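K.L.:
Pasting structure_2.pdb below, which is PDB, C-alpha atoms.
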```
ATOM      1  CA  GLN A  20     114.370  70.726 114.480
ATOM      2  CA  VAL A  21     110.951  71.537 113.079
ATOM      3  CA  GLN A  22     110.653  74.373 110.594
ATOM      4  CA  LEU A  23     107.750  75.761 108.625
ATOM      5  CA  VAL A  24     108.884  78.147 105.904
ATOM      6  CA  GLU A  25     106.404  80.270 103.993
ATOM      7  CA  SER A  26     107.155  81.666 100.550
ATOM      8  CA  GLY A  27     105.378  83.154  97.562
ATOM      9  CA  GLY A  28     104.471  86.536  98.944
ATOM     10  CA  GLY A  29     105.073  89.753  97.091
ATOM     11  CA  LEU A  30     103.476  92.787  95.496
ATOM     12  CA  VAL A  31     100.410  92.186  93.345
ATOM     13  CA  GLN A  32      97.803  94.461  91.820
ATOM     14  CA  PRO A  33      94.167  94.310  92.937
ATOM     15  CA  GLY A  34      92.422  91.485  91.157
ATOM     16  CA  GLY A  35      95.623  89.520  90.837
ATOM     17  CA  SER A  36      96.632  86.139  92.222
ATOM     18  CA  LEU A  37      99.365  84.661  94.347
ATOM     19  CA  ARG A  38     100.096  81.184  95.600
ATOM     20  CA  LEU A  39     101.711  80.889  98.991
ATOM     21  CA  SER A  40     103.653  77.815 100.004
ATOM     22  CA  CYS A  41     104.505  76.471 103.432
ATOM     23  CA  ALA A  42     107.243  73.868 103.335
ATOM     24  CA  ALA A  43     107.959  71.751 106.381
ATOM     25  CA  SER A  44     111.060  70.043 107.659
ATOM     26  CA  GLY A  45     111.397  67.908 110.741
ATOM     27  CA  VAL A  46     107.691  67.118 110.758
ATOM     28  CA  THR A  47     105.288  65.284 108.494
ATOM     29  CA  LEU A  48     102.556  67.738 107.635
ATOM     30  CA  ASP A  49      99.964  65.163 106.623
ATOM     31  CA  LEU A  50      99.654  64.246 110.306
ATOM     32  CA  TYR A  51      98.700  67.804 111.207
ATOM     33  CA  ASN A  52      95.782  70.105 110.795
ATOM     34  CA  ILE A  53      96.998  73.206 109.004
ATOM     35  CA  GLY A  54      96.054  76.824 109.413
ATOM     36  CA  TRP A  55      96.788  79.863 107.310
ATOM     37  CA  PHE A  56      96.686  83.097 109.287
ATOM     38  CA  ARG A  57      97.375  86.701 108.442
ATOM     39  CA  GLN A  58      98.224  89.870 110.276
ATOM     40  CA  ALA A  59      97.563  93.199 108.643
ATOM     41  CA  PRO A  60      99.364  96.348 109.803
ATOM     42  CA  GLY A  61      97.930  97.532 113.092
ATOM     43  CA  LYS A  62      95.589  94.567 113.409
ATOM     44  CA  GLU A  63      95.524  91.290 115.273
ATOM     45  CA  ARG A  64      96.431  88.047 113.596
ATOM     46  CA  GLU A  65      93.408  86.192 112.250
ATOM     47  CA  GLY A  66      92.620  82.796 110.829
ATOM     48  CA  VAL A  67      92.134  82.725 107.059
ATOM     49  CA  SER A  68      91.849  79.046 106.188
ATOM     50  CA  CYS A  69      92.249  75.859 108.181
ATOM     51  CA  PHE A  70      92.046  72.312 106.929
ATOM     52  CA  SER A  71      92.173  68.849 108.308
ATOM     53  CA  SER A  72      94.775  66.104 108.067
ATOM     54  CA  SER A  73      92.200  63.349 108.296
ATOM     55  CA  ASP A  74      89.242  64.391 106.170
ATOM     56  CA  ASP A  75      88.225  67.020 103.670
ATOM     57  CA  SER A  76      86.979  69.518 106.204
ATOM     58  CA  THR A  77      88.175  73.013 105.441
ATOM     59  CA  TYR A  78      87.306  76.310 107.030
ATOM     60  CA  TYR A  79      87.540  79.656 105.290
ATOM     61  CA  ALA A  80      87.015  83.052 106.818
ATOM     62  CA  ASP A  81      84.050  84.860 105.275
ATOM     63  CA  SER A  82      86.375  87.552 103.948
ATOM     64  CA  VAL A  83      88.213  85.073 101.697
ATOM     65  CA  LYS A  84      85.532  82.506 100.909
ATOM     66  CA  GLY A  85      85.304  81.883  97.178
ATOM     67  CA  ARG A  86      88.662  83.559  96.526
ATOM     68  CA  PHE A  87      91.199  81.531  98.517
ATOM     69  CA  THR A  88      91.828  77.797  98.330
ATOM     70  CA  SER A  89      93.990  75.677 100.611
ATOM     71  CA  SER A  90      95.653  72.469  99.547
ATOM     72  CA  ARG A  91      98.487  70.179 100.459
ATOM     73  CA  ASP A  92     101.036  68.070  98.615
ATOM     74  CA  ASN A  93     102.057  65.308 100.979
ATOM     75  CA  ALA A  94     104.827  64.108  98.691
ATOM     76  CA  LYS A  95     106.464  67.525  98.959
ATOM     77  CA  ASN A  96     105.509  67.975 102.620
ATOM     78  CA  THR A  97     104.124  71.349 101.610
ATOM     79  CA  VAL A  98     100.823  73.152 101.927
ATOM     80  CA  TYR A  99      99.534  75.936  99.731
ATOM     81  CA  LEU A 100      97.205  78.888  99.799
ATOM     82  CA  GLN A 101      95.970  79.937  96.379
ATOM     83  CA  MET A 102      94.742  83.503  96.552
ATOM     84  CA  ASN A 103      92.691  84.908  93.688
ATOM     85  CA  SER A 104      90.868  88.195  93.151
ATOM     86  CA  LEU A 105      93.116  89.848  95.677
ATOM     87  CA  LYS A 106      91.997  93.066  97.323
ATOM     88  CA  PRO A 107      93.993  95.782  99.065
ATOM     89  CA  GLU A 108      92.508  94.616 102.367
ATOM     90  CA  ASP A 109      94.240  91.262 101.861
ATOM     91  CA  THR A 110      97.563  93.019 102.472
ATOM     92  CA  ALA A 111      99.178  91.295 105.435
ATOM     93  CA  VAL A 112     101.913  88.993 106.604
ATOM     94  CA  TYR A 113     100.666  85.452 106.035
ATOM     95  CA  TYR A 114     101.653  82.633 108.354
ATOM     96  CA  CYS A 115     101.126  78.902 108.335
ATOM     97  CA  ALA A 116     100.668  76.863 111.481
ATOM     98  CA  ALA A 117     100.368  73.163 112.198
ATOM     99  CA  ASP A 118      98.698  71.399 115.089
ATOM    100  CA  ARG A 119      97.902  67.753 115.811
ATOM    101  CA  MET A 120      94.873  68.147 118.025
ATOM    102  CA  THR A 121      93.024  71.410 117.385
ATOM    103  CA  THR A 122      90.095  71.067 115.034
ATOM    104  CA  VAL A 123      90.021  73.219 111.917
ATOM    105  CA  GLN A 124      87.053  75.217 113.161
ATOM    106  CA  ALA A 125      88.725  75.866 116.498
ATOM    107  CA  MET A 126      92.071  76.668 114.932
ATOM    108  CA  CYS A 127      90.713  79.373 112.678
ATOM    109  CA  SER A 128      88.308  80.748 115.265
ATOM    110  CA  MET A 129      90.539  80.853 118.318
ATOM    111  CA  LEU A 130      91.439  84.119 119.941
ATOM    112  CA  PRO A 131      94.959  85.365 119.194
ATOM    113  CA  ARG A 132      96.055  84.901 122.798
ATOM    114  CA  TYR A 133      95.790  81.148 122.269
ATOM    115  CA  TYR A 134      97.901  81.030 119.117
ATOM    116  CA  SER A 135     101.037  80.175 121.065
ATOM    117  CA  GLY A 136      99.374  76.889 121.959
ATOM    118  CA  LEU A 137      99.514  75.637 118.384
ATOM    119  CA  ASP A 138     102.340  73.197 117.770
ATOM    120  CA  TYR A 139     104.318  74.973 115.058
ATOM    121  CA  TRP A 140     104.396  78.328 113.287
ATOM    122  CA  GLY A 141     106.260  79.694 110.325
ATOM    123  CA  LYS A 142     107.788  83.157 110.278
ATOM    124  CA  GLY A 143     105.494  84.538 107.621
ATOM    125  CA  THR A 144     105.581  85.994 104.140
ATOM    126  CA  LEU A 145     104.408  89.481 103.201
ATOM    127  CA  VAL A 146     101.619  89.978 100.694
ATOM    128  CA  THR A 147     101.011  93.503  99.446
ATOM    129  CA  VAL A 148      98.023  94.222  97.229
ATOM    130  CA  SER A 149      98.350  97.637  95.680
ATOM    131  CA  SER A 150      98.153  99.406  92.361
TER
END
```
Mind turning the file's structure into C-alpha cells?
P.N.:
Amino acid sequence: QVQLVESGGGLVQPGGSLRLSCAASGVTLDLYNIGWFRQAPGKEREGVSCFSSSDDSTYYADSVKGRFTSSRDNAKNTVYLQMNSLKPEDTAVYYCAADRMTTVQAMCSMLPRYYSGLDYWGKGTLVTVSS
C-alpha cells in the first residue's frame, strides 16, 4: 500500500521558517515527479512547487519564489519543502503529490479538477502563520 505522509507543519510567526517533509512508503519517490500543493481556508488547492525525478527542473509559484525551496533525499525516500520568510497568506494545509508522467510545469499549473488524476497524494499538514 502506497502512503505519502506529510509532517512539519505548525504555528509560526511571520518571517519565520518551517521545513515540511513528505515521507513515502510503498513507492520509490525518485521515480516520480513531486508536487507540493496548498489549500488555504475558503480557497481552492493550488500548486506551490513541483520538481522532476529526472532532471533539475523545478517550478515555483510566483507567490513563493525566492522563499520556498524543494528538495529530495532519495536515501530516506522523502521530499522536503523549506519555507522561509513566511507570511500570513502562506497559512494553508500543505499536501505532497507524486506522479510518474505529468511534467512539473503541468503538475503545478493544472486546474484543481484534474488533481485526482495524479498518482498519489498525502493527507496534508497544517501551516499557520500568525503573530
K.L.:
I want to know what sits within 7 Å of Asp118 in chain A, based on only C-alpha atoms, with residues of the same chain fewer than 4 positions away left out; could you give that as a list in words?
P.N.:
Tyr51, Asn52, Ile53, Leu137, Asp138 and Tyr139 of chain A
K.L.:
Near Gln32 in chain A, counting all atoms listed in the file, which residues have an atom at most 6 Å away, once you skip same-chain residues fewer than 5 positions from it, shown as an MDAnalysis selection string?
P.N.:
chainID A and resid 148:150
K.L.:
I'd like the residues picked by the PyMOL selection byres ((chain A and resi 83) around 10) written out as a CSV table (one decimal) with C-alpha atoms, in the coordinates of the input, using the chain letters and numbers from the file.
P.N.:
```
chain,number,residue,atom,x,y,z
A,67,VAL,CA,92.1,82.7,107.1
A,68,SER,CA,91.8,79.0,106.2
A,79,TYR,CA,87.5,79.7,105.3
A,80,ALA,CA,87.0,83.1,106.8
A,81,ASP,CA,84.0,84.9,105.3
A,82,SER,CA,86.4,87.6,103.9
A,84,LYS,CA,85.5,82.5,100.9
A,85,GLY,CA,85.3,81.9,97.2
A,86,ARG,CA,88.7,83.6,96.5
A,87,PHE,CA,91.2,81.5,98.5
A,88,THR,CA,91.8,77.8,98.3
A,102,MET,CA,94.7,83.5,96.6
A,103,ASN,CA,92.7,84.9,93.7
A,104,SER,CA,90.9,88.2,93.2
A,105,LEU,CA,93.1,89.8,95.7
A,106,LYS,CA,92.0,93.1,97.3
A,109,ASP,CA,94.2,91.3,101.9
```
K.L.:
Can you list, as a list in words, the residues that the PyMOL selection byres ((chain A and resi 45) around 9) selects here?
P.N.:
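Written out, the selection comes to Gln20, Val21, Gln22, Leu23, Ala43, Ser44, Val46 and Thr47 of chain A.
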K.L.:
Expand the PyMOL selection byres ((chain A and resi 89) around 6) into the explicit residue set it covers here, and present it as a PyMOL selection string.
P.N.:
chain A and resi 88+90+99-100
K.L.:
So which residues touch Ser73 in chain A within 12 Å, counting all atoms listed in the file, skipping near sequence neighbours fewer than 6 positions away, as a list of chain:residue names?
P.N.:
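Listed by chain and then number, they are A:Leu48, A:Asp49, A:Leu50, A:Tyr51, A:Asn52, A:Ile53, A:Arg119, A:Met120, A:Thr122, A:Val123.
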K.L.:
In Å, rounded to a single decimal, give me how far CA of Phe56 in chain A is from CA of Ser26 in chain A.
P.N.:
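According to the coordinates, CA of Ser26 in chain A and CA of Phe56 in chain A are separated by 13.7 Å.
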K.L.:
Taking all atoms of range 70-89 of chain A that the file lists and extending 6 Å past them on each side, where is the centre of the axis-aligned box and how long are its edges? Answer in Å to one decimal, as AutoDock Vina command-line options.
P.N.:
```
--center_x 89.4 --center_y 75.5 --center_z 102.4 --size_x 22.7 --size_y 36.2 --size_z 23.8
```
K.L.:
Excluding Trp55 in chain A and its own-chain neighbours fewer than 3 positions away, which residues fall within 7 Å of it when counting all atoms listed in the file? Please give them as a list in words.
P.N.:
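That gives Gly66, Val67, Ser68, Cys69, Tyr113, Tyr114, Cys115 and Ala116 of chain A.
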K.L.:
Go through A:Thr110, A:Gln58, A:Glu63, A:Gln101 and flag the residue nearest Leu130 in chain A, using all atoms listed in the file for the distances.
P.N.:
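Looking only at the distances to Leu130 in chain A, the closest residue turns out to be A:Glu63.
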K.L.:
Quick one, how far is CA of Val31 in chain A from CA of Asn93 in chain A?
P.N.:
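Calculated distance between CA of Val31 in chain A and CA of Asn93 in chain A is 28.0 Å.
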K.L.:
For each of A:Arg64, A:Met126, A:Gly136, A:Val112, take the minimum atom-to-atom distance to Leu30 in chain A, counting only C-alpha atoms, then give the residue where this is smallest.
P.N.:
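Of A:Arg64, A:Met126, A:Gly136, A:Val112, the one nearest Leu30 in chain A, counting only C-alpha atoms, is A:Val112.
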